[in-house]
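K.L.:
Sharing a structure here in structure tokens format.
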Amino acid sequence: MDDRFRQLPSALRQRSRWMRLGGVPTLLATPDSEKPAPFVVWMHGRTADKELDPGRYLRWIRAGIAAVSLDLPGHGEREGPRLHGAESTPRVLSQMIDEVDSVLGALRESPGAALLDFDRVGIGGMSAGGMVTLRRLCDEHRFACAAVESTTGWLRELYQPSVGGPSAWPASHDPKSIDRIDPRQRLDTFRPVPLLVLHSESDVTVPWPGMQAFLAALGDRYEHAGVSRDLIEVQTWPETGAPYEHAGFGRVASQAKTMQTEFLTRHLLGNRS
């Protein structure tokens, strides 16, 4: 048995399969149901992999929602050089943004397609995965909802901070490469969907003030599009005890996972028989 498979809880192993979708290593976990299940395309953060946080996926499948968890470029089972360093983040984001649609296309043609409801699809991620999520929502899409954690939609602010104060980001990046993948620069094409945002206000890696400013601008975009800014649900904590206040949510991790599962259940399973 592969170590990646062995490390999962047995209840999750029984409902999971590994595959490559559009060349992207993928973990698919599905509920025990005869009906096709709604699902969430989920992306981890830098230095992690798709098997991270199996408790999240267990909560989802027990609620009736499938998980399609992807390895970011240069992570997990991806071929090629490791891209874990902070200097590689723009490259990782840019490639993953372009791969989301190819993953969904390959998923439709995969043996697991019969288990999934492609009319009820969410997208989300933590940190770098959340950045991919927010940028993908700036292009034409059919996602029903999105959930992000410990992330930002204002990359220019992350790397050249102003509202968040001084930041010792460990690598510098070409501004042009950042603008291409920065959701803040493309808010006029962001199609509003229900969005859940979870964040520690003491996050050292991705400071909250930058994301807070992005969400204010995003709320304006929602209103301009004729929908309520209340579709954006935000939960922050002054501090959580997690490493760097960024890697998970420490002592409120269970609360955060419950909130996320309830959000996804409302928007992917609500009003369905």
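Naming works like this for the structure tokens: A, B, ... for the chains as they're shown, residue 1 at the start of each chain, ligands 1 onward in shown order.
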Taking the chain letters and numbering used in this document, name the residues of stretch 42-103 of chain A that DSSP puts in alpha helix (DSSP H), as number ranges by chain.
P.N.:
A: 54-63, 89-103
K.L.:
Skipping near chain neighbours, those fewer than 4 positions away, what residues fall within 10 Å of A:Ser110 using only C-alpha atoms, listed as JSON, numbers by chain?
P.N.:
{"A": [19, 20, 21, 104, 105, 106, 114]}
K.L.:
What does the file look like for those residues with C-alpha atoms, as a PDB file, in the first residue's frame?
P.N.:
```
ATOM      1  CA  MET A  19      -5.962   9.507 -10.404  1.00  0.00           C
ATOM      2  CA  ARG A  20      -4.305  11.958 -12.757  1.00  0.00           C
ATOM      3  CA  LEU A  21      -6.622  14.508 -14.319  1.00  0.00           C
ATOM      4  CA  LEU A 104     -12.591  19.478 -14.691  1.00  0.00           C
ATOM      5  CA  GLY A 105     -12.608  18.398 -18.330  1.00  0.00           C
ATOM      6  CA  ALA A 106     -10.616  15.276 -17.554  1.00  0.00           C
ATOM      7  CA  ALA A 114     -20.689   8.910 -12.651  1.00  0.00           C
TER       8      ALA A 114
END
```
K.L.:
Do you have, as CSV, the list of residues of stretch 136-239 of chain A lying at most 12 Å from stretch 76-96 of chain A, each with its nearest atom pair and that distance in Å to one decimal, counting only C-alpha atoms and ordered by chain then number?
P.N.:
```
residue,atom,partner,partner_atom,distance
A:Arg136,CA,A:Met96,CA,9.4
A:Leu155,CA,A:Pro90,CA,9.6
A:Arg156,CA,A:Pro90,CA,11.3
A:Leu158,CA,A:Thr89,CA,11.9
A:Tyr159,CA,A:Ala86,CA,10.8
A:Ala168,CA,A:Ala86,CA,11.7
A:Trp169,CA,A:Ala86,CA,8.3
A:Pro170,CA,A:Ala86,CA,6.4
A:Ala171,CA,A:Glu87,CA,5.2
A:Ser172,CA,A:Glu87,CA,7.0
A:His173,CA,A:Glu87,CA,7.3
A:Asp174,CA,A:Pro90,CA,9.2
A:Pro175,CA,A:Pro90,CA,10.3
A:Lys176,CA,A:Pro90,CA,10.5
A:Ser177,CA,A:Pro90,CA,6.9
A:Ile178,CA,A:Pro90,CA,6.6
A:Asp179,CA,A:Pro90,CA,9.9
A:Arg180,CA,A:Ser94,CA,8.1
A:Ile181,CA,A:Ser94,CA,6.3
A:Asp182,CA,A:Pro90,CA,9.7
A:Pro183,CA,A:Leu93,CA,11.6
A:Thr205,CA,A:Ala86,CA,10.7
```
K.L.:
Please extract the residues of stretch 9-255 of chain A with a backbone DSSP assignment of strand (DSSP E) and present them as a PyMOL selection string.
P.N.:
chain A and resi 16-21+24-29+37-43+66-70+116-126+145-149+195-200+232-237
K.L.:
Of the candidates A:Cys138, A:Cys145, A:Val252, A:Ala247, which one gets nearest to A:Thr47 if we count only C-alpha atoms?
P.N.:
A:Ala247
K.L.:
Choose the residue, out of A:Leu198, A:Ala66, A:Leu58, A:Leu115, that has the smallest atom-to-atom separation from A:Ala253; count only C-alpha atoms.
P.N.:
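Once distances to A:Ala253 are computed over only C-alpha atoms, the minimum belongs to A:Leu198.
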K.L.:
Which of these residues is nearest to A:Pro111, using only C-alpha atoms: A:Leu28, A:Leu72, A:Met126, A:Ala144?
P.N.:
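Closest to A:Pro111, using only C-alpha atoms: A:Leu28.
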K.L.:
Within 10 Å of A:Asp101, counting only C-alpha atoms, which residues qualify if same-chain residues fewer than 6 places away don't, as a list in words?
P.N.:
Gly22, Leu107, Arg136 and His141 of chain A
K.L.:
Might you pull out every residue within 9 Å of stretch 262-266 of chain A, with only C-alpha atoms counted and same-chain residues fewer than 6 positions away left off, and present them as a ChimeraX atom specification?
P.N.:
/A:40,60,63-65,122,145-147,194-196
K.L.:
With C-alpha atoms retained, could you export that selection as a CSV table (one decimal), in the first residue's frame?
P.N.:
```
chain,number,residue,atom,x,y,z
A,40,VAL,CA,-15.5,20.8,-4.3
A,60,TRP,CA,-17.5,16.7,3.5
A,63,ALA,CA,-22.3,15.6,4.7
A,64,GLY,CA,-22.8,14.2,1.1
A,65,ILE,CA,-20.2,16.3,-0.7
A,122,GLY,CA,-17.6,24.5,-5.5
A,145,CYS,CA,-19.8,28.7,-4.4
A,146,ALA,CA,-16.2,29.1,-3.1
A,147,ALA,CA,-14.4,28.8,0.3
A,194,PRO,CA,-21.4,32.8,-2.2
A,195,LEU,CA,-17.9,33.0,-0.7
A,196,LEU,CA,-16.7,31.9,2.7
```
K.L.:
Within 10 Å of stretch 214-222 of chain A, counting only C-alpha atoms, which residues show up once you throw out same-chain ones fewer than 4 positions away? Write them as a list of chain:residue names, please.
P.N.:
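Counting only C-alpha atoms, the residues come to A:Thr152, A:Gly153, A:Trp154, A:Leu155, A:Glu157, A:Pro183, A:Arg184, A:Leu187, A:Asp188, A:Thr189, A:Phe190, A:Arg191, A:Pro192, A:Val193, A:Val197, A:Trp208, A:Pro209, A:Gly210, A:Gly226, A:Val227, A:Ser228, A:Arg229, A:Asp230, A:Leu231, A:Ile232, A:Val234.
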K.L.:
Applying 10 Å and only C-alpha atoms, which residues near A:Asp53 remain after dropping the ones on its own chain fewer than 6 positions away? List them as a PyMOL selection string.
P.N.:
chain A and resi 8+44+248
K.L.:
Keeping only C-alpha atoms, write the selected residues as a PDB file, in the first residue's frame.
P.N.:
```
ATOM      1  CA  LEU A   8      -5.393   8.462   5.444  1.00  0.00           C
ATOM      2  CA  HIS A  44      -3.658  23.129  -0.627  1.00  0.00           C
ATOM      3  CA  GLY A 248      -4.356  25.698  10.102  1.00  0.00           C
TER       4      GLY A 248
END
```
K.L.:
Find, counting only C-alpha atoms, the residue in A:Tyr244, A:Ile97, A:Arg62, A:Glu149 that gets nearest to A:Arg135.
P.N.:
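When distances to A:Arg135 are compared using only C-alpha atoms, the smallest one comes from A:Ile97.
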K.L.:
Do a neighbour search on A:Gly45 at 6 Å with only C-alpha atoms, toss out local chain neighbours closer than 3 positions, and write the hits as a ChimeraX atom specification.
P.N.:
/A:48,126-129
